[in-house]
Amino acid sequence: MPRPIRCRRIEQLPVYRSFSPDDTAAAESVLMTVDEFEALRLLDNEGLTQEESASRMNISRTTVTAIYDSARKKVADALVNGKRLLIAGGHFECEPVEIRQKIIEKGRGTMRIAVTFENGEIFQHFGHTEQFKLYDVEDGKITNEQVVDTNGSGHGALAGFLQAAKADALICGGIGMGAQMALADAGIRLYAGVQGSADEAAKALAQGTLAFDPNARCDHHGHHHDGDCGHDHCGEHHCAGN
């Protein structure tokens, strides 16, 4: 019986998830996993040794070497053969994100909705939100509310912030593709393209009547931005566990 694959620790999910050559339609794609991206980031971008990278990822040196070699071959394939490079999936868990204020304890069977929040309204740019409002829902009714500060968490941490806050769903306006993938990695359901009162939107979602746009995009910085890291996460496309 094969040994189970050990989760690789990830410090940050990729902000940018898709790369395509400008001079071709790039019909074929190459899929790089998030743990392969992390090995490439640590070794080539941070300049760490294989021993240091293995320690940061909580795996053996031989494993990090194999992951790194696979990542480099995929980059070469994309560059040489004009393929689209996609980054998603893999066997990983992410570093916990620290929340500096006390969060209301979430009850068993409670759904927690997070809303990008500014002055009572739904803030329209997920990657720049400075506050979330959290709503706890039981039996279709909101039982608790709390506004939490993101403490300057940017594109690279907001999904992890939400996972640390035990959010089950997010209501927002515009959101980048990278952030959408990060939320999916974190197991957080997304309700994008919503405007107006945060309280009314949360109430509508609790009652199952929220109108949202599953194709909403945030193109404030072009067609790629937002990406985040969850915490203590091993999901469907990752390690068997949670």
# chains A, B, ... in the order shown; residues from 1 in each chain; ligands from 1
>>> select_by_dssp(residues="range 88-140 of chain A", states="strand (DSSP E or B)", output="number ranges by chain")
A: 92-94, 111-118, 121-122, 125, 131-138
>>> write_last_selection(atoms="N, CA and C atoms", output="PDB file, in the first residue's frame")
ATOM      1  N   PHE A  92      -1.013  20.446  -0.168  1.00  0.00           N
ATOM      2  CA  PHE A  92      -0.437  21.490   0.666  1.00  0.00           C
ATOM      3  C   PHE A  92      -1.349  21.880   1.819  1.00  0.00           C
ATOM      4  N   GLU A  93      -0.733  22.499   2.806  1.00  0.00           N
ATOM      5  CA  GLU A  93      -1.437  23.182   3.882  1.00  0.00           C
ATOM      6  C   GLU A  93      -0.731  24.513   4.086  1.00  0.00           C
ATOM      7  N   CYS A  94      -1.458  25.509   4.566  1.00  0.00           N
ATOM      8  CA  CYS A  94      -0.897  26.851   4.643  1.00  0.00           C
ATOM      9  C   CYS A  94      -0.641  27.289   6.069  1.00  0.00           C
ATOM     10  N   MET A 111     -23.385  28.986  10.199  1.00  0.00           N
ATOM     11  CA  MET A 111     -22.736  29.459   8.981  1.00  0.00           C
ATOM     12  C   MET A 111     -22.231  30.874   9.232  1.00  0.00           C
ATOM     13  N   ARG A 112     -20.964  31.122   8.930  1.00  0.00           N
ATOM     14  CA  ARG A 112     -20.400  32.460   9.106  1.00  0.00           C
ATOM     15  C   ARG A 112     -20.191  33.108   7.738  1.00  0.00           C
ATOM     16  N   ILE A 113     -20.857  34.246   7.539  1.00  0.00           N
ATOM     17  CA  ILE A 113     -20.757  35.015   6.300  1.00  0.00           C
ATOM     18  C   ILE A 113     -19.832  36.198   6.536  1.00  0.00           C
ATOM     19  N   ALA A 114     -18.885  36.403   5.654  1.00  0.00           N
ATOM     20  CA  ALA A 114     -18.024  37.589   5.697  1.00  0.00           C
ATOM     21  C   ALA A 114     -18.403  38.502   4.542  1.00  0.00           C
ATOM     22  N   VAL A 115     -18.406  39.799   4.785  1.00  0.00           N
ATOM     23  CA  VAL A 115     -18.734  40.786   3.754  1.00  0.00           C
ATOM     24  C   VAL A 115     -17.632  41.846   3.735  1.00  0.00           C
ATOM     25  N   THR A 116     -17.102  42.162   2.559  1.00  0.00           N
ATOM     26  CA  THR A 116     -16.169  43.289   2.464  1.00  0.00           C
ATOM     27  C   THR A 116     -16.934  44.542   2.880  1.00  0.00           C
ATOM     28  N   PHE A 117     -16.361  45.342   3.774  1.00  0.00           N
ATOM     29  CA  PHE A 117     -17.175  46.322   4.503  1.00  0.00           C
ATOM     30  C   PHE A 117     -16.522  47.700   4.529  1.00  0.00           C
ATOM     31  N   GLU A 118     -17.336  48.724   4.260  1.00  0.00           N
ATOM     32  CA  GLU A 118     -16.904  50.111   4.408  1.00  0.00           C
ATOM     33  C   GLU A 118     -18.131  50.993   4.615  1.00  0.00           C
ATOM     34  N   GLU A 121     -21.597  49.704   3.759  1.00  0.00           N
ATOM     35  CA  GLU A 121     -21.786  49.206   2.395  1.00  0.00           C
ATOM     36  C   GLU A 121     -20.798  48.084   2.071  1.00  0.00           C
ATOM     37  N   ILE A 122     -21.088  47.365   0.992  1.00  0.00           N
ATOM     38  CA  ILE A 122     -20.181  46.330   0.501  1.00  0.00           C
ATOM     39  C   ILE A 122     -19.037  47.001  -0.252  1.00  0.00           C
ATOM     40  N   HIS A 125     -13.725  46.359  -3.856  1.00  0.00           N
ATOM     41  CA  HIS A 125     -12.446  45.803  -4.315  1.00  0.00           C
ATOM     42  C   HIS A 125     -11.895  44.881  -3.234  1.00  0.00           C
ATOM     43  N   GLN A 131     -11.745  46.153   6.090  1.00  0.00           N
ATOM     44  CA  GLN A 131     -12.591  45.543   7.111  1.00  0.00           C
ATOM     45  C   GLN A 131     -13.499  44.483   6.483  1.00  0.00           C
ATOM     46  N   PHE A 132     -13.804  43.485   7.270  1.00  0.00           N
ATOM     47  CA  PHE A 132     -14.876  42.544   6.955  1.00  0.00           C
ATOM     48  C   PHE A 132     -15.928  42.659   8.055  1.00  0.00           C
ATOM     49  N   LYS A 133     -17.182  42.488   7.677  1.00  0.00           N
ATOM     50  CA  LYS A 133     -18.209  42.322   8.693  1.00  0.00           C
ATOM     51  C   LYS A 133     -18.623  40.867   8.678  1.00  0.00           C
ATOM     52  N   LEU A 134     -18.586  40.242   9.842  1.00  0.00           N
ATOM     53  CA  LEU A 134     -18.923  38.831   9.980  1.00  0.00           C
ATOM     54  C   LEU A 134     -20.332  38.678  10.522  1.00  0.00           C
ATOM     55  N   TYR A 135     -21.078  37.764   9.923  1.00  0.00           N
ATOM     56  CA  TYR A 135     -22.451  37.488  10.348  1.00  0.00           C
ATOM     57  C   TYR A 135     -22.572  35.991  10.605  1.00  0.00           C
ATOM     58  N   ASP A 136     -23.023  35.628  11.784  1.00  0.00           N
ATOM     59  CA  ASP A 136     -23.287  34.229  12.095  1.00  0.00           C
ATOM     60  C   ASP A 136     -24.763  33.935  11.878  1.00  0.00           C
ATOM     61  N   VAL A 137     -25.027  32.843  11.153  1.00  0.00           N
ATOM     62  CA  VAL A 137     -26.401  32.518  10.748  1.00  0.00           C
ATOM     63  C   VAL A 137     -26.786  31.139  11.272  1.00  0.00           C
ATOM     64  N   GLU A 138     -27.947  31.068  11.884  1.00  0.00           N
ATOM     65  CA  GLU A 138     -28.523  29.806  12.324  1.00  0.00           C
ATOM     66  C   GLU A 138     -29.996  29.785  11.948  1.00  0.00           C
TER      67      GLU A 138
END
>>> residues_around(residues="Leu86 in chain A", least_positions_apart="5", cutoff="12 Å", atoms="only C-alpha atoms", output="PyMOL selection string")
chain A and resi 14-20+26+28-34+36-37+71+74-75+78+177-178+181
>>> residues_around(residues="Asn151 in chain A", least_positions_apart="4", cutoff="9 Å", atoms="only C-alpha atoms", output="number ranges by chain")
A: 99-100, 130-131
>>> write_last_selection(atoms="C-alpha atoms", output="CSV table (one decimal), in the first residue's frame")
chain,number,residue,atom,x,y,z
A,99,ILE,CA,-6.0,37.9,13.7
A,100,ARG,CA,-5.2,40.6,16.2
A,130,GLU,CA,-9.7,47.1,5.3
A,131,GLN,CA,-12.6,45.5,7.1
>>> closest_residue(among="A:Ile67, A:Ala167, A:Cys172, A:Ile87", to="Gly127 in chain A", atoms="only C-alpha atoms")
A:Cys172
>>> select_by_dssp(residues="range 29-240 of chain A", states="alpha helix (DSSP H)", output="number ranges by chain")
A: 34-40, 50-57, 61-81, 158-164, 177-186, 198-206
>>> closest_residue(among="A:Ala66, A:Ala165, A:Ala198, A:Ala159", to="Gln180 in chain A", atoms="only C-alpha atoms")
A:Ala159
>>> closest_residue(among="A:Asp185, A:Lys166, A:Gln124, A:Gln146", to="Ala216 in chain A", atoms="only C-alpha atoms")
A:Gln124
